[in-house]
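Before any comments, here is the structure.
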Amino acid sequence: MLEGKAALGETDMPVMMQEHAMRVASRALDVLDVCDCQGIAAFLKKEFDKCYGPGWQCVVGTNFGSFVTHARGNFIYFGLEKLAFLLFRVAPV
């Protein structure tokens with residue numbers, strides 16, 4: 001497990017959800033190859049859809065940009081290992 005080694009970037013999530021996101025990311029890296037960014041992103045998305053309801057999106061990689069609209073309290077950007085993680089819930093239309 002890589003817990004405790006995540007570097008938090010930006011977030012507006014409650015601390016409990018932040019910790020959950022980083023634990024799930026660590027678990028994903030334990031079971032999937034670090035090169036499988038799509039699989040890692042799907043792992044996080046499915047976990048958050050299951051725990052917090054549908055509408056979650058996840059981007060994982062080493063070099064990406066983004067500009068997204070998200071529901072308040074449902075955004076986190078952090079680094080773990082050499083990967084960056086962007087997890088957010090889509091804002092209702």
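By order of appearance in the structure tokens: chains A, B, ..., then residues from 1 within every chain, and ligands from 1 in the order shown.
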Problem - Every residue of chain A that DSSP places in strand (DSSP E or B), as a PyMOL selection string - result: chain A and resi 7-11+56-61+70-80+83-90
Write to file, as a CSV table (one decimal), in the first residue's frame, the residues of the selection just made, with C-alpha atoms.
```csv
chain,number,residue,atom,x,y,z
A,7,ALA,CA,0.6,14.7,-2.6
A,8,LEU,CA,-2.6,16.7,-2.3
A,9,GLY,CA,-3.0,19.4,-4.9
A,10,GLU,CA,-6.4,21.1,-5.1
A,11,THR,CA,-9.7,19.9,-3.5
A,56,TRP,CA,-18.1,10.6,-11.2
A,57,GLN,CA,-15.3,11.2,-13.8
A,58,CYS,CA,-11.6,10.3,-13.4
A,59,VAL,CA,-8.5,11.2,-15.3
A,60,VAL,CA,-5.2,9.6,-14.5
A,61,GLY,CA,-1.8,10.2,-16.2
A,70,HIS,CA,-17.9,20.0,-11.0
A,71,ALA,CA,-20.4,19.7,-8.3
A,72,ARG,CA,-19.4,21.7,-5.2
A,73,GLY,CA,-17.6,19.5,-2.7
A,74,ASN,CA,-16.8,16.8,-5.3
A,75,PHE,CA,-13.4,17.6,-6.7
A,76,ILE,CA,-9.9,16.4,-5.9
A,77,TYR,CA,-6.5,16.6,-7.7
A,78,PHE,CA,-3.6,14.7,-6.2
A,79,GLY,CA,-0.4,12.9,-7.0
A,80,LEU,CA,0.6,9.4,-6.1
A,83,LEU,CA,0.8,9.7,-11.6
A,84,ALA,CA,-1.6,12.6,-11.3
A,85,PHE,CA,-5.3,11.9,-10.3
A,86,LEU,CA,-8.2,14.2,-11.1
A,87,LEU,CA,-11.5,12.9,-9.7
A,88,PHE,CA,-14.7,14.9,-9.8
A,89,ARG,CA,-18.4,14.6,-9.9
A,90,VAL,CA,-20.2,16.3,-12.8
```
Exercise for the section: Find the residues near Ala28 in chain A: any atom within 12 Å, counting only C-alpha atoms, skip ones fewer than 5 places away on the same chain, and give them as an NGL selection string. Expected result: :A and (1-3 or 21-23 or 33-47 or 60 or 80-81 or 83 or 85)
Hey, what does DSSP flag as alpha helix (DSSP H) within chain A? Can you give it to me as a CSV table (one decimal) with N, CA and C atoms, in the first residue's frame?
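Saved as result_3.csv:
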```csv
chain,number,residue,atom,x,y,z
A,15,VAL,N,-12.7,16.0,4.1
A,15,VAL,CA,-11.5,15.3,4.3
A,15,VAL,C,-11.8,13.7,4.2
A,16,MET,N,-12.9,13.3,4.7
A,16,MET,CA,-13.2,11.8,4.7
A,16,MET,C,-13.2,11.3,3.2
A,17,MET,N,-13.8,12.1,2.3
A,17,MET,CA,-13.8,11.7,0.9
A,17,MET,C,-12.4,11.8,0.3
A,18,GLN,N,-11.6,12.8,0.7
A,18,GLN,CA,-10.2,12.9,0.2
A,18,GLN,C,-9.4,11.7,0.5
A,19,GLU,N,-9.5,11.3,1.8
A,19,GLU,CA,-8.8,10.1,2.2
A,19,GLU,C,-9.2,8.9,1.5
A,20,HIS,N,-10.6,8.8,1.3
A,20,HIS,CA,-11.1,7.6,0.6
A,20,HIS,C,-10.5,7.6,-0.9
A,21,ALA,N,-10.5,8.7,-1.5
A,21,ALA,CA,-10.0,8.8,-2.9
A,21,ALA,C,-8.5,8.3,-3.0
A,22,MET,N,-7.7,8.8,-2.0
A,22,MET,CA,-6.3,8.4,-2.0
A,22,MET,C,-6.1,7.0,-1.6
A,23,ARG,N,-6.9,6.4,-0.8
A,23,ARG,CA,-6.8,5.0,-0.4
A,23,ARG,C,-7.2,4.1,-1.6
A,24,VAL,N,-8.2,4.5,-2.3
A,24,VAL,CA,-8.7,3.8,-3.5
A,24,VAL,C,-7.6,3.8,-4.6
A,25,ALA,N,-7.0,5.0,-4.8
A,25,ALA,CA,-5.9,5.1,-5.8
A,25,ALA,C,-4.8,4.2,-5.4
A,26,SER,N,-4.4,4.2,-4.2
A,26,SER,CA,-3.3,3.3,-3.7
A,26,SER,C,-3.7,1.9,-4.0
A,27,ARG,N,-4.9,1.5,-3.7
A,27,ARG,CA,-5.3,0.1,-3.9
A,27,ARG,C,-5.3,-0.2,-5.4
A,28,ALA,N,-5.7,0.7,-6.2
A,28,ALA,CA,-5.7,0.5,-7.7
A,28,ALA,C,-4.2,0.3,-8.2
A,29,LEU,N,-3.3,1.0,-7.6
A,29,LEU,CA,-1.9,0.8,-8.0
A,29,LEU,C,-1.3,-0.5,-7.5
A,30,ASP,N,-1.9,-1.0,-6.4
A,30,ASP,CA,-1.5,-2.3,-5.9
A,30,ASP,C,-1.9,-3.5,-6.8
A,31,VAL,N,-3.1,-3.3,-7.5
A,31,VAL,CA,-3.6,-4.4,-8.3
A,31,VAL,C,-3.4,-4.2,-9.8
A,37,CYS,N,-3.3,3.5,-17.1
A,37,CYS,CA,-4.0,4.7,-16.6
A,37,CYS,C,-5.5,4.6,-16.7
A,38,GLN,N,-5.9,4.0,-17.9
A,38,GLN,CA,-7.3,3.9,-18.1
A,38,GLN,C,-8.0,2.9,-17.1
A,39,GLY,N,-7.3,1.8,-16.8
A,39,GLY,CA,-7.8,0.9,-15.8
A,39,GLY,C,-7.9,1.5,-14.4
A,40,ILE,N,-6.8,2.2,-14.1
A,40,ILE,CA,-6.8,2.9,-12.8
A,40,ILE,C,-7.9,3.9,-12.6
A,41,ALA,N,-8.1,4.7,-13.7
A,41,ALA,CA,-9.2,5.7,-13.7
A,41,ALA,C,-10.6,5.0,-13.5
A,42,ALA,N,-10.8,3.9,-14.2
A,42,ALA,CA,-12.0,3.2,-14.1
A,42,ALA,C,-12.2,2.6,-12.7
A,43,PHE,N,-11.2,2.1,-12.1
A,43,PHE,CA,-11.2,1.6,-10.8
A,43,PHE,C,-11.7,2.7,-9.8
A,44,LEU,N,-11.2,3.9,-9.9
A,44,LEU,CA,-11.6,5.0,-9.0
A,44,LEU,C,-13.0,5.4,-9.3
A,45,LYS,N,-13.3,5.6,-10.6
A,45,LYS,CA,-14.7,6.0,-10.9
A,45,LYS,C,-15.7,5.0,-10.4
A,46,LYS,N,-15.5,3.7,-10.6
A,46,LYS,CA,-16.5,2.7,-10.2
A,46,LYS,C,-16.7,2.7,-8.7
A,47,GLU,N,-15.6,2.9,-8.0
A,47,GLU,CA,-15.7,2.9,-6.5
A,47,GLU,C,-16.5,4.1,-6.0
A,48,PHE,N,-16.2,5.3,-6.6
A,48,PHE,CA,-16.9,6.5,-6.2
A,48,PHE,C,-18.4,6.5,-6.7
A,49,ASP,N,-18.7,5.9,-7.9
A,49,ASP,CA,-20.1,5.8,-8.3
A,49,ASP,C,-20.8,4.9,-7.3
A,50,LYS,N,-20.2,3.8,-6.9
A,50,LYS,CA,-20.8,2.9,-5.9
A,50,LYS,C,-21.0,3.5,-4.6
A,51,CYS,N,-20.1,4.2,-4.1
A,51,CYS,CA,-20.1,4.8,-2.7
A,51,CYS,C,-20.9,6.1,-2.6
A,52,TYR,N,-20.8,6.9,-3.6
A,52,TYR,CA,-21.4,8.3,-3.5
A,52,TYR,C,-22.4,8.6,-4.6
```
Exercise for the section: Could you check how far CA of Pro14 in chain A sits from CA of Leu32 in chain A, in Å to one decimal? Expected result: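 Going from CA of Pro14 in chain A over to CA of Leu32 in chain A, I get 26.9 Å.
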Practice task
May I ask which of the residues A:Val68, A:Gly53, A:Asp12, A:Lys5 is the closest one to Lys82 in chain A, counting only C-alpha atoms?
Solution key: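 Comparing A:Val68, A:Gly53, A:Asp12, A:Lys5 against Lys82 in chain A, the winner is A:Lys5.
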